[in-house]
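Asker: There's a structure below that I have some questions on.
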Amino acid sequence: MRYVYLGIPLAPLAGAIVAGLFGAFWPRLGRAACHWAAILGVAVAFALSLVVLWEQTLGGGEPWNGAIYTWMVSDGIRFEIGFLVDRLTALMVTTVTFVSLMVHIYTIGYMHDDPGYRRFFAYIALFTFSMLMLVMSNNFLQLFFGWEAVGLVSYLLIGFWFKRETAIYANLKAFLVNRVGDFGFVLGIAAILAYFHSLDYADVFTAAPMARDLTIEVLPGLEWPVITLICLLLFVGAMGKSAQVPLHVWLPDSMEGPTPISALIHAATMVTAGIFMVARMSPLYELSETALSVVLVIGAVTAFATGLLGLVQHDIKRVIAYSTLSQLGYMTVALGASAYAAAIFHLMTHAFFKALLFLAAGSVIIALHHEQDMRKMGGLRRYMPVTYWTALIGSLALIGTPGFSGFYSKEHIIEAAHGASRWGAELAYWAVLAGVFVTALYTFRMFFLVFHGRERMDEHARAHLRESPKVVTVPLVLLAIPSVAVGALTIEPLLFGGWFGEAIRVAPEHDVLAGLAAHFHGAWAYALHAVRTPPFWLAAAGVLTAAVVYLWRPALAGLAVRVARPLYLALVHKYWADDFNEIVLAGGARRLGRLLWQVGDVLVIDGAMVNGTARLVGMVAAVARHVQTGYLYHYAFAMLIGLLAMTSWLLGLMR
Amino acid sequence: MLSTLSDLTLMAPELWLAAMACVVLVADVYAGGGRGTVAYLLAQLALLGGMWLLLADAVPAPEALFGGAFLRDPLADVLKAAVLVLTVAVFAYARGYLQGRGLDRGEYYVLGLFGVLGMMVLISAGNLLTLYLGLELLALSLYAMVALHRDSLEASEAAMKYFVLGALASGMMLYGISLLYGVTGSLALDVVARAAAADASDPVMLLALAFVIVGVAFKLGAVPFHMWIPDVYHGAPAAVALYVGAAPKIAGFALAMRLLVEGLGGLQAEWADMLVVLAVLSIAIGNVVAIAQTNIKRMLGYSTISHIGFLLLGLIAGTRDGYGAAMFYALTYALMAAGAFGVVAIMSRRSEAELLDDYRGLNARNPWLAFMMLILMFSMAGVPPTVGFYAKLTVLKAVIDVGALWLAVVAVAFSIVGAFYYLRVVKLMYFDEPPEEAAVRAGLQAGTVLSANGLAVLGLGLLPGALLALCLQVVG
Amino acid sequence: MALTFQQFLFYAFAAVLVGAALGVITARNPVHSVLYLVLAFFTSAALWLLMEAEFLALTLVLVYVGAVMVLFLFVVMMLDIDLAALRAGFTRYLPLGLVVAALIVWEMASVLGPARFGPGRVAAPAPHGAGYSNTKALGETLYTQHLYAFEVAALILLVAIVAAIALTLRRRPDTRRQDPARQVRVRRRDRVRLVRMAPERRPAPAASEPGGRTGTEEA
């Protein structure tokens with residue numbers, strides 16, 4: 001199996017190398033060869049991950065934890081490349097490779113006319129490799145490697161159209177915001193290394209309970225448990241990568257990248273890295289009540305606040321992006337409530353339906369010749385039936401319609417928040433509950449604006465409207481199937497069957513899911529039962545509101561804006577978070593930098609030290625070279641003087 | 001005294017080289033039109049044969065011949081091997097240049113071989129007389145080689161200066177040697193060493209020391225006995241500057257080792273004081289004045305001076321580590337210098353490419369050549385992955401170990417100043433527009449040797465351990 | 001203190017030697033310099049004779065004075081040396097030069113005085129008998145003890161010869177040379193061709209025909 005494990009990340013890497021390097025240096029390698037290389041690599045990885053999933057689930061395989069290659073051993077600490085393959089890994093790997101494969105296929109259609117075709121395939125295959133390395137890692141070093149690698153590829157892909165000013169701004173922003181998170185993350189890893197003297201998960205998890213009572217003086221006079229500090233620092237990393245408030249600002253802007261990327265990276269996989277990481281670290285987080293509370297509150301705020309922002313966006317992709325933020329908030333809430341399994345479960349279902357929604361949006365965008373403004377859409381149902389129906393499935397899954405996959409995962413997060421007893425749980429519960437309404441509202445606002453109502457596009461665009469080609473619609477259909485079904489099929493083992501085994505550890509007193517298990521009597525019964533719970537009615541209310549405001553009485557929207565003008569302004573300005581960052585943080589940093597540059601660099605270092613020294617040396621050199629007159633007798637005389645000096649010195653020594 | 005003929009196998013490499021030099025001389029006269037080719041091939045054969053004879057029975061412990069006049073020890077073997085290897089490379093670089101400039105006559109190779117013989121005699125010298133004779137044999141060959149390009153006014157002027165100053169220096173050194181003979185009654189280095197150790201405060205000995213240092217410093221080119229170096233490097237044809245710049249530095253190190261360390265080791269404290277002044281002046285003046293140069297040969301001349309300062313630092317330390325470091329420095333510097341002048345020789349085939357401006361945009365004209373030059377310049381500047389860094393590091397470590405921290409600080413400060421002019425060459429090669437588009441061809445032979453040379457500079461930088469251990473072992 | 005005859009000779013020759021050496025570097029005319037050098041060699045030969053180094057003394061006179069210096073003299077006479085240029089700056093640098101020279105001399109004298117090298121410190125060599133061959137003794141030590149150095153010195157001379165030839169010998173392509181071997185090998189028929197021809201009347205001025213001429217051709 002070792003070679004199977006190794007093959008999973010290496011196959012996409014090989015695809016990336018073939019598509020990227022050979023594509024660049026060997027232009028005769030055709031576009032088709034490039035995309036086949038990348039797709040083949042990912043397909044192999046997907047097939048192998050299915051093997052692993054089968055082996056872990058039905059084959060009765062034991063979790064595998066081992067090093068593949070020892071990079072170096074320093075001071076007794078091993079730096080290795082290794083894999084930890086258990087059910088959590090298997091599930092993640094399968095999800096990642098499946099979505100990635102779909103996106104690869106979809107890309108053939110979406111990027112068909114782009115000059116950066118080869119580059120794009122190289123990037124997404126490389127991204128798949130990085131993500132797999134992150135997920136399969138058995139140590140913090142490799143985790144960090146994967147973490148940074150997905151960040152890098154994300155940076156490259158957001159700025160894929162590097163001639164666009166906005167794309168460059170967006171990828172820089174994404175990179176910088178992630179840097180803030182990564183700084184915390186790397187500090188966390190450093191703290192782990194300092195206190196546990198190992199980077200291996202197993203070692204750290206074994207040693208963690210013993211370190212429970214260790215404290216560290218964070219500020220003078222402020223003692224914190226080490227575990228709490230570590231968990232919080234790691235979570236700062238997760239906040240960056242999984243776009244939690246206040247580090248969420250990069251994700252909406254990242255929609256500047258091509259749509260397949262939005263689907264792959266900014267919906268289904270990379271942004272879930274933080275969720276996955278916290279779940280993976282559950283043995284650590286379980287030891288720190290404080291950290292879990294922080295996670296819970298941050299998640300709740302993200303889930304509700306960013307959902308509201310989706311209401312005022314006009315760009316179709318931005319709506320989905322804010323939806324992603326909100327859903328990531330849900331997952332984070334689940335983590336904070338110690339319902340790690342629910343978080344992973346939602347992660348999986350969300351990956352399917354959010355990828356579906358993005359790709360459907362992409363399909364619409366192609367049909368409208370890269371028009372993304374919903375105000376110029378409407379009534380597309382008649383032209384694009386496949387897209388319409390798959391988008392509907394995705395939307396229904398997103399708002400948690402009973403029976404759809406999103407329903408099972410989201411419902412349990414709400415229940416878990418309700419059942420949790422730690423500080424902040426109450427707030428979280430109300431936030432996610434209210435979020436259901438908001439989700440339904442913005443989702444169907446988008447849906448109605450795009451597919452129903454008046455046709456607002458111009459004549460020229462309307463004339464060319466037609467359903468997207470097969471390479472686009474087939475992935476949509478393939479993603480629609482799990483969006484509907486995967487929840488009902490897998491909920492029982494994933495949440496209540498103890499399926500994750502040792503991969504996720506929950507302290508008994510925190511185990512909210514165990515409490516829910518008592519009320520669970522099968523997926524269908526649960527779906528039927530749901531019509532009697534508040535979330536269902538909230539969702540229904542949301543859909544209804546959307547229908548009223550955006551289909552039947554469009555004037556109401558304008559009225560709402562006038563009535564709740566302060567709220568509307570806050571939303572349009574995204575709570576002024578970008579302005580705050582831009583003016584206070586970035587502006588302050590720039591002003592400070594400029595000051596240091598002008599005083600420190602230009603004046604002191606460049607002016608006085610570097611140039612001053614250089615000028616001085618240059619002058620000395622110019623003078624000194626004239627000692628070399630070229631006259632023989634000068635040279636001879638210099639030698640004589642030297643001799644005289646030496647004899648005088650040596651003989652003077654004697655006296 | 002010579003007891004049996006078989007004892008002569010100890011000096012088989014020298015005998016072979018002397019014989020082969022004469023063979024080349026005669027063959028050169030009788031060979032027809034392609035004279036240079038015959039002489040060149042025979043000369044390379046002579047060097048490789050000498051190498052083989054040398055390595056075939058390398059000695060594990062010192063052995064002497066002719067009553068101690070000829071000394072063969074591991075130190076001598078290593079230094080001779082280095083001289084031979086470098087000269088093979090030098091001849092390979094020089095060949096194309098000599099052909100291109102109409103200087104492809106046998107004399108270059110004959111004189112070159114005699115020079116090598118002189119270096120070997122010097123390296124193996126066990127008494128003051130052979131030391132001096134070896135030095136003179138080398139020096140005379142060099143004077144003649146510098147003047148070889150008779151039609152060049154600059155070359156003649158350089159040869160004249162070199163000859164007169166060299167004569168002055170060797171006269172002073174000879175005077176010092178005669179004083180040593182006068183005060184000890186013997187020419188043998190071991191006798192001198194005992195006398196020096198017995199009474200380190202003998203004024204005659206100290207006076208002799210001053211005169212002897214002049215000779216050593218002149219040979220190495222330390223300030224203020226350095227004046228010949230820029231003029232000779234500048235005036236001499238590139239092929240000759242190449243020869244002068246490479247292997248003779250190893251001979252200079254051998255001279256210092258034999259005379260100062262082995263002969264006058266008892267006066268180490270006294271001569272170290274002298275050398276401190278010489279070293280600091282060399283490092284400072286070499287590095288600073290090099291910046292003002294526009295001629296690359298002249299710049300490399302000043303660079304040599306600064307490197308000699310570093311070499312002297314190792315001797316100043318006066319410990320086994322220090323001598324080993326100095327030897328490592330001498331060997332690796334000679335390697336770098338051979339490569340750098342090799343590039344100059346390759347560039348100068350059609351016309352003397354000696355201005356820094358001639359190297360503008362070299363990357364566009366021959367990327368590999370530019371890359372080799374980059375490695376060599378980095379190494380000379382002491383940039384880490386190259387051997388130059390390691391050589392400087394070991395020397396500085398030796399100096400710091402004996403507590404002369406200030407010396408190390410001064411050396412480092414000036415080598416930072418020096419990095420400027422090396423990097424300027426790199427900047428010219430990579431970031432400036434070439435003055436002409438025509439590609440520069442190195443040719444198979446010179447190209448191969450240059451690649452080996454450049455990669456050796458890099459490889460030794462990555463794995464310096466073996467050579468350094470060897471140096472420490474043979475000086476101990 | 002009585003002066004023996006030998007001592008008298010020594011001081012006399014030594015005084016002339018120092019004077020001649022000074023003359024070499026101070027004489028205005030280079031020819032005079034060379035002649036002063038000859039004088040210096042003569043007097044040092046005389047000093048060596050006093051030290052029973054007869055062979056060396058005679059070699060000095062024969063080789064240096066007889067051969068080397070004569071050659072020198074020729075060279076110096078043939079060269080057109082611009083004395084004014086050589087003298088330029090002489091007076092400017094003289095004071096400084098004198099100071100440096102004086103300091104070096106003073107230092108050397110203070111160290112190398114009789115206190116360290118006087119007869120008290122260095123024993124006089126035992127005088128040899130009348131049958132003692134200086135030449136033989138020199139030969140013996142030269143070819144045994146100093147064989148190696150001797151051979152290296154020979155190589156130095158060889159290099160000097162090579163260098164001298166390499167630097168001075170010029171083969172000009174337009175120079176015509178004699179080749180004695182070919183001159184000797186020449187046959188009559190190579191040079192002279194007899195042509196039988198009919199007698200003819202006095203020709204018109206322009207009618208000199210090629211066929212009517214007897215010519216020699218250079219080989």
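Chain labels A, B, ... are given in the sequence in which chains occur in the structure tokens; within each chain residues are numbered consecutively from 1, and ligands are likewise numbered from 1 in the order shown.
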Got a sec: who's within 10 Å of Leu463 in chain B, counting only C-alpha atoms, leaving out chain neighbours fewer than 3 positions off, as a list in words?
Answerer: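 Neighbouring residues, sequence-local ones excluded: Pro385, Thr386, Val387, Tyr390, Ala456, Leu458, Gly459, Leu460, Ala466, Leu467 and Leu468 of chain B.
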Asker: Considering only C-alpha atoms, extract the chain A residues located within 8 Å of chain C and return them as a list in words.
Answerer: Leu640, Ile641, Leu644, Thr647 and Ser648 of chain A
Asker: May I have the residues from that selection written out with N, CA and C atoms, as a PDB file, in the first residue's frame?
Answerer:
ATOM      1  N   LEU A 640      63.326  49.704  -1.473  1.00  0.00           N
ATOM      2  CA  LEU A 640      64.393  50.076  -0.530  1.00  0.00           C
ATOM      3  C   LEU A 640      63.810  50.626   0.762  1.00  0.00           C
ATOM      4  N   ILE A 641      62.800  51.462   0.614  1.00  0.00           N
ATOM      5  CA  ILE A 641      62.155  51.997   1.811  1.00  0.00           C
ATOM      6  C   ILE A 641      61.608  50.856   2.659  1.00  0.00           C
ATOM      7  N   LEU A 644      64.378  49.215   4.406  1.00  0.00           N
ATOM      8  CA  LEU A 644      64.856  50.065   5.501  1.00  0.00           C
ATOM      9  C   LEU A 644      63.911  49.970   6.689  1.00  0.00           C
ATOM     10  N   THR A 647      64.438  46.540   8.388  1.00  0.00           N
ATOM     11  CA  THR A 647      65.680  46.417   9.165  1.00  0.00           C
ATOM     12  C   THR A 647      65.593  47.281  10.414  1.00  0.00           C
ATOM     13  N   SER A 648      65.033  48.483  10.240  1.00  0.00           N
ATOM     14  CA  SER A 648      64.949  49.371  11.404  1.00  0.00           C
ATOM     15  C   SER A 648      64.089  48.738  12.491  1.00  0.00           C
TER      16      SER A 648
END
Asker: Output the contact residues of chain C with respect to chain B at a cut-off of 8 Å, based on only C-alpha atoms, as an NGL selection string.
Answerer: :C and (108 or 111-112 or 144-149 or 152-153 or 155-156 or 159-160 or 162-163 or 166-167)
Asker: Would you mind exporting the chosen residues as a compact mmCIF listing (two decimals), in the first residue's frame, restricted to C-alpha atoms?
Answerer:
# COMPACT_ATOMS: atom_id res chain seq x y z
CA MET C 108 74.35 47.32 8.40
CA VAL C 111 75.46 44.95 12.94
CA LEU C 112 78.20 43.70 10.68
CA THR C 144 80.44 16.04 -5.44
CA GLN C 145 78.91 18.11 -2.72
CA HIS C 146 77.41 20.76 -4.93
CA LEU C 147 76.68 18.65 -7.96
CA TYR C 148 72.99 19.32 -7.77
CA ALA C 149 73.39 23.05 -7.45
CA VAL C 152 70.73 23.60 -11.73
CA ALA C 153 73.07 26.49 -12.43
CA LEU C 155 70.09 24.85 -16.50
CA ILE C 156 69.89 28.52 -15.61
CA VAL C 159 67.55 29.18 -20.05
CA ALA C 160 69.56 32.35 -20.43
CA VAL C 162 67.33 30.16 -24.93
CA ALA C 163 65.93 33.45 -23.75
CA ALA C 166 64.37 33.79 -28.52
CA LEU C 167 64.38 37.49 -27.82
Asker: List as CSV every residue of chain B that is in contact with chain A, defined as an atom at most 7 Å from one of its atoms (using only C-alpha atoms), together with the nearest atom pair and the distance in Å rounded to one decimal, sorted by chain and then rising number.
Answerer:
residue,atom,partner,partner_atom,distance
B:Lys161,CA,A:Leu632,CA,6.1
B:Leu165,CA,A:Ala636,CA,6.3
B:Ser201,CA,A:Met654,CA,6.9
B:Pro203,CA,A:Leu651,CA,6.5
B:Leu206,CA,A:Leu650,CA,6.2
B:Leu207,CA,A:Thr647,CA,6.0
B:Ala210,CA,A:Thr647,CA,5.5
B:Phe211,CA,A:Leu643,CA,6.9
B:Val214,CA,A:Leu643,CA,6.7
B:Pro224,CA,A:Met639,CA,6.1
B:Phe225,CA,A:Met639,CA,5.5
B:Met227,CA,A:Tyr635,CA,5.8
B:Met274,CA,A:Met646,CA,6.8
B:Val288,CA,A:Ala621,CA,5.2
B:Val289,CA,A:Ala621,CA,4.5
B:Ile291,CA,A:Ala621,CA,6.4
B:Ala292,CA,A:Ala621,CA,5.5
Asker: Could you jot down the CA of Ser100 in chain A to CA of Leu308 in chain A separation for me, Å, one decimal place?
Answerer: 29.2 Å
Asker: I'd like the neighbourhood of range 346-351 of chain A as a PDB file with C-alpha atoms, in the first residue's frame, where a residue qualifies if any of its atoms comes within 6 Å (using only C-alpha atoms), though same-chain residues fewer than 6 positions away should be ignored.
Answerer:
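File produced: selection32.pdb:
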ATOM      1  CA  ALA A 268     -14.021  22.898  -2.271  1.00  0.00           C
ATOM      2  CA  SER A 405     -26.731  16.405   1.334  1.00  0.00           C
ATOM      3  CA  GLY A 406     -26.388  19.920   2.736  1.00  0.00           C
ATOM      4  CA  SER A 409     -24.535  18.204   7.536  1.00  0.00           C
TER       5      SER A 409
END
Asker: Would you give me, as a PDB file with N, CA and C atoms, in the first residue's frame, the residues in range 54-174 of chain A that DSSP reads as strand (DSSP E)?
Answerer:
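Final output, saved to result_33.pdb:
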ATOM      1  N   TRP A  64      -2.423   3.685   8.636  1.00  0.00           N
ATOM      2  CA  TRP A  64      -0.997   3.520   8.345  1.00  0.00           C
ATOM      3  C   TRP A  64      -0.277   4.818   8.652  1.00  0.00           C
ATOM      4  N   ASN A  65       0.779   4.722   9.420  1.00  0.00           N
ATOM      5  CA  ASN A  65       1.521   5.927   9.794  1.00  0.00           C
ATOM      6  C   ASN A  65       2.991   5.622   9.644  1.00  0.00           C
ATOM      7  N   GLY A  66       3.644   6.269   8.701  1.00  0.00           N
ATOM      8  CA  GLY A  66       5.058   5.965   8.530  1.00  0.00           C
ATOM      9  C   GLY A  66       5.760   7.008   7.704  1.00  0.00           C
ATOM     10  N   ALA A  67       7.086   6.988   7.812  1.00  0.00           N
ATOM     11  CA  ALA A  67       7.898   7.928   7.058  1.00  0.00           C
ATOM     12  C   ALA A  67       8.277   7.310   5.729  1.00  0.00           C
ATOM     13  N   ILE A  68       8.280   8.145   4.713  1.00  0.00           N
ATOM     14  CA  ILE A  68       8.707   7.687   3.393  1.00  0.00           C
ATOM     15  C   ILE A  68      10.178   8.020   3.206  1.00  0.00           C
ATOM     16  N   TYR A  69      10.553   9.184   3.704  1.00  0.00           N
ATOM     17  CA  TYR A  69      11.892   9.686   3.408  1.00  0.00           C
ATOM     18  C   TYR A  69      12.311  10.598   4.554  1.00  0.00           C
ATOM     19  N   THR A  70      13.483  10.366   5.064  1.00  0.00           N
ATOM     20  CA  THR A  70      13.985  11.233   6.123  1.00  0.00           C
ATOM     21  C   THR A  70      14.839  12.310   5.490  1.00  0.00           C
ATOM     22  N   TRP A  71      14.362  13.516   5.643  1.00  0.00           N
ATOM     23  CA  TRP A  71      15.080  14.621   5.020  1.00  0.00           C
ATOM     24  C   TRP A  71      16.358  14.920   5.806  1.00  0.00           C
ATOM     25  N   MET A  72      16.225  15.092   7.103  1.00  0.00           N
ATOM     26  CA  MET A  72      17.415  15.273   7.922  1.00  0.00           C
ATOM     27  C   MET A  72      17.066  15.028   9.392  1.00  0.00           C
ATOM     28  N   VAL A  73      18.115  14.772  10.145  1.00  0.00           N
ATOM     29  CA  VAL A  73      17.933  14.610  11.578  1.00  0.00           C
ATOM     30  C   VAL A  73      18.817  15.643  12.236  1.00  0.00           C
ATOM     31  N   SER A  74      18.209  16.512  13.012  1.00  0.00           N
ATOM     32  CA  SER A  74      18.997  17.560  13.628  1.00  0.00           C
ATOM     33  C   SER A  74      18.661  17.627  15.108  1.00  0.00           C
ATOM     34  N   ILE A  77      15.806  15.673  16.344  1.00  0.00           N
ATOM     35  CA  ILE A  77      14.484  15.884  15.762  1.00  0.00           C
ATOM     36  C   ILE A  77      14.524  15.443  14.305  1.00  0.00           C
ATOM     37  N   ARG A  78      13.589  14.586  13.977  1.00  0.00           N
ATOM     38  CA  ARG A  78      13.579  14.059  12.616  1.00  0.00           C
ATOM     39  C   ARG A  78      12.702  14.943  11.741  1.00  0.00           C
ATOM     40  N   PHE A  79      13.244  15.298  10.593  1.00  0.00           N
ATOM     41  CA  PHE A  79      12.456  16.030   9.605  1.00  0.00           C
ATOM     42  C   PHE A  79      12.163  15.059   8.480  1.00  0.00           C
ATOM     43  N   GLU A  80      10.904  14.705   8.361  1.00  0.00           N
ATOM     44  CA  GLU A  80      10.581  13.618   7.459  1.00  0.00           C
ATOM     45  C   GLU A  80       9.485  14.000   6.494  1.00  0.00           C
ATOM     46  N   ILE A  81       9.406  13.173   5.453  1.00  0.00           N
ATOM     47  CA  ILE A  81       8.211  13.191   4.619  1.00  0.00           C
ATOM     48  C   ILE A  81       7.518  11.876   4.917  1.00  0.00           C
ATOM     49  N   GLY A  82       6.304  11.964   5.400  1.00  0.00           N
ATOM     50  CA  GLY A  82       5.632  10.736   5.794  1.00  0.00           C
ATOM     51  C   GLY A  82       4.133  10.856   5.582  1.00  0.00           C
ATOM     52  N   PHE A  83       3.469   9.736   5.642  1.00  0.00           N
ATOM     53  CA  PHE A  83       2.026   9.736   5.434  1.00  0.00           C
ATOM     54  C   PHE A  83       1.326   9.176   6.655  1.00  0.00           C
ATOM     55  N   LEU A  84       0.229   9.791   6.997  1.00  0.00           N
ATOM     56  CA  LEU A  84      -0.678   9.224   7.983  1.00  0.00           C
ATOM     57  C   LEU A  84      -1.973   8.958   7.224  1.00  0.00           C
ATOM     58  N   VAL A  85      -2.241   7.678   7.009  1.00  0.00           N
ATOM     59  CA  VAL A  85      -3.420   7.334   6.221  1.00  0.00           C
ATOM     60  C   VAL A  85      -4.425   6.648   7.132  1.00  0.00           C
TER      61      VAL A  85
END
Asker: Could you check how far CA of Asp190 in chain C sits from CA of Arg177 in chain C, in Å to one decimal?
Answerer: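 Separation between CA of Asp190 in chain C and CA of Arg177 in chain C: 19.3 Å.
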Asker: Going by DSSP on the backbone, which residues of range 24-190 of chain B come out as alpha helix (DSSP H)? List them as a PyMOL selection string.
Answerer: chain B and resi 24-30+35-56+74-100+106-123+128-146+153-184+189-190
Asker: For Tyr302 in chain B, list every protein, DNA or RNA residue within 8 Å, evaluated using only C-alpha atoms, and leave out those in the same chain fewer than 3 positions away; present the list as a ChimeraX atom specification.
Answerer: /B:229-230,285-287,289-290,298-299,305-306
Asker: Met336 in chain B: which residues within 7 Å, counting only C-alpha atoms, same-chain residues fewer than 5 positions away excluded, as a JSON list (two decimals) with N, CA and C atoms, in the first residue's frame?
Answerer:
[["chain", "number", "residue", "atom", "x", "y", "z"],
["B", 376, "LEU", "N", 34.30, 31.91, -10.95],
["B", 376, "LEU", "CA", 35.66, 32.29, -10.55],
["B", 376, "LEU", "C", 35.64, 33.63, -9.81],
["B", 380, "MET", "N", 36.77, 34.33, -6.04],
["B", 380, "MET", "CA", 37.79, 35.30, -5.64],
["B", 380, "MET", "C", 37.22, 36.27, -4.61],
["B", 457, "VAL", "N", 36.54, 24.65, -8.75],
["B", 457, "VAL", "CA", 36.40, 25.76, -7.79],
["B", 457, "VAL", "C", 35.09, 25.61, -7.01]]
Asker: I want to know what sits within 12 Å of Gly382 in chain B, based on only C-alpha atoms, with residues of the same chain fewer than 2 positions away left out; could you give that as a ChimeraX atom specification?
Answerer: /B:307,310,329,332-333,336,374-380,384-394,411-412,414-420,422-423,457-458,461
Asker: Have a look at A:Pro469, A:Pro283, A:Gly542, A:Pro534 and name the one nearest to Ile504 in chain A; count only C-alpha atoms.
Answerer: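 Selected residue with least distance to Ile504 in chain A: A:Pro283.
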Asker: Would you list the contacts of Glu54 in chain C as a PDB file with N, CA and C atoms, in the first residue's frame, taking every protein, DNA or RNA residue within 12 Å and counting only C-alpha atoms, but skipping same-chain residues closer than 6 positions in sequence?
Answerer:
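In the end it all went to part-v8.pdb:
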ATOM      1  N   SER C  44      89.058  43.205  -7.082  1.00  0.00           N
ATOM      2  CA  SER C  44      88.539  42.100  -6.271  1.00  0.00           C
ATOM      3  C   SER C  44      89.272  40.812  -6.592  1.00  0.00           C
ATOM      4  N   ALA C  45      89.698  40.660  -7.846  1.00  0.00           N
ATOM      5  CA  ALA C  45      90.514  39.493  -8.165  1.00  0.00           C
ATOM      6  C   ALA C  45      91.784  39.497  -7.339  1.00  0.00           C
ATOM      7  N   ALA C  46      92.326  40.667  -7.191  1.00  0.00           N
ATOM      8  CA  ALA C  46      93.540  40.770  -6.387  1.00  0.00           C
ATOM      9  C   ALA C  46      93.248  40.392  -4.934  1.00  0.00           C
ATOM     10  N   LEU C  47      92.119  40.819  -4.422  1.00  0.00           N
ATOM     11  CA  LEU C  47      91.764  40.474  -3.049  1.00  0.00           C
ATOM     12  C   LEU C  47      91.614  38.959  -2.895  1.00  0.00           C
ATOM     13  N   TRP C  48      91.014  38.338  -3.891  1.00  0.00           N
ATOM     14  CA  TRP C  48      90.836  36.888  -3.825  1.00  0.00           C
ATOM     15  C   TRP C  48      92.177  36.172  -3.842  1.00  0.00           C
ATOM     16  N   LEU C  60      87.861  35.189 -12.694  1.00  0.00           N
ATOM     17  CA  LEU C  60      87.194  36.487 -12.683  1.00  0.00           C
ATOM     18  C   LEU C  60      87.790  37.392 -13.746  1.00  0.00           C
ATOM     19  N   VAL C  61      89.090  37.406 -13.781  1.00  0.00           N
ATOM     20  CA  VAL C  61      89.742  38.276 -14.748  1.00  0.00           C
ATOM     21  C   VAL C  61      89.470  37.789 -16.167  1.00  0.00           C
ATOM     22  N   TYR C 132      99.439  22.877  -2.954  1.00  0.00           N
ATOM     23  CA  TYR C 132      97.983  22.775  -2.842  1.00  0.00           C
ATOM     24  C   TYR C 132      97.306  23.326  -4.095  1.00  0.00           C
ATOM     25  N   SER C 133      96.410  22.494  -4.651  1.00  0.00           N
ATOM     26  CA  SER C 133      95.745  22.956  -5.877  1.00  0.00           C
ATOM     27  C   SER C 133      94.367  23.480  -5.553  1.00  0.00           C
ATOM     28  N   ASN C 134      94.263  24.749  -5.661  1.00  0.00           N
ATOM     29  CA  ASN C 134      92.980  25.408  -5.446  1.00  0.00           C
ATOM     30  C   ASN C 134      91.939  24.916  -6.433  1.00  0.00           C
ATOM     31  N   THR C 135      92.375  24.744  -7.651  1.00  0.00           N
ATOM     32  CA  THR C 135      91.483  24.324  -8.726  1.00  0.00           C
ATOM     33  C   THR C 135      90.889  22.959  -8.429  1.00  0.00           C
ATOM     34  N   LYS C 136      91.808  22.059  -7.983  1.00  0.00           N
ATOM     35  CA  LYS C 136      91.361  20.699  -7.733  1.00  0.00           C
ATOM     36  C   LYS C 136      90.345  20.666  -6.580  1.00  0.00           C
ATOM     37  N   ALA C 137      90.671  21.414  -5.527  1.00  0.00           N
ATOM     38  CA  ALA C 137      89.764  21.433  -4.376  1.00  0.00           C
ATOM     39  C   ALA C 137      88.388  21.963  -4.776  1.00  0.00           C
ATOM     40  N   LEU C 138      88.434  23.005  -5.587  1.00  0.00           N
ATOM     41  CA  LEU C 138      87.178  23.593  -6.045  1.00  0.00           C
ATOM     42  C   LEU C 138      86.395  22.595  -6.886  1.00  0.00           C
TER      43      LEU C 138
END
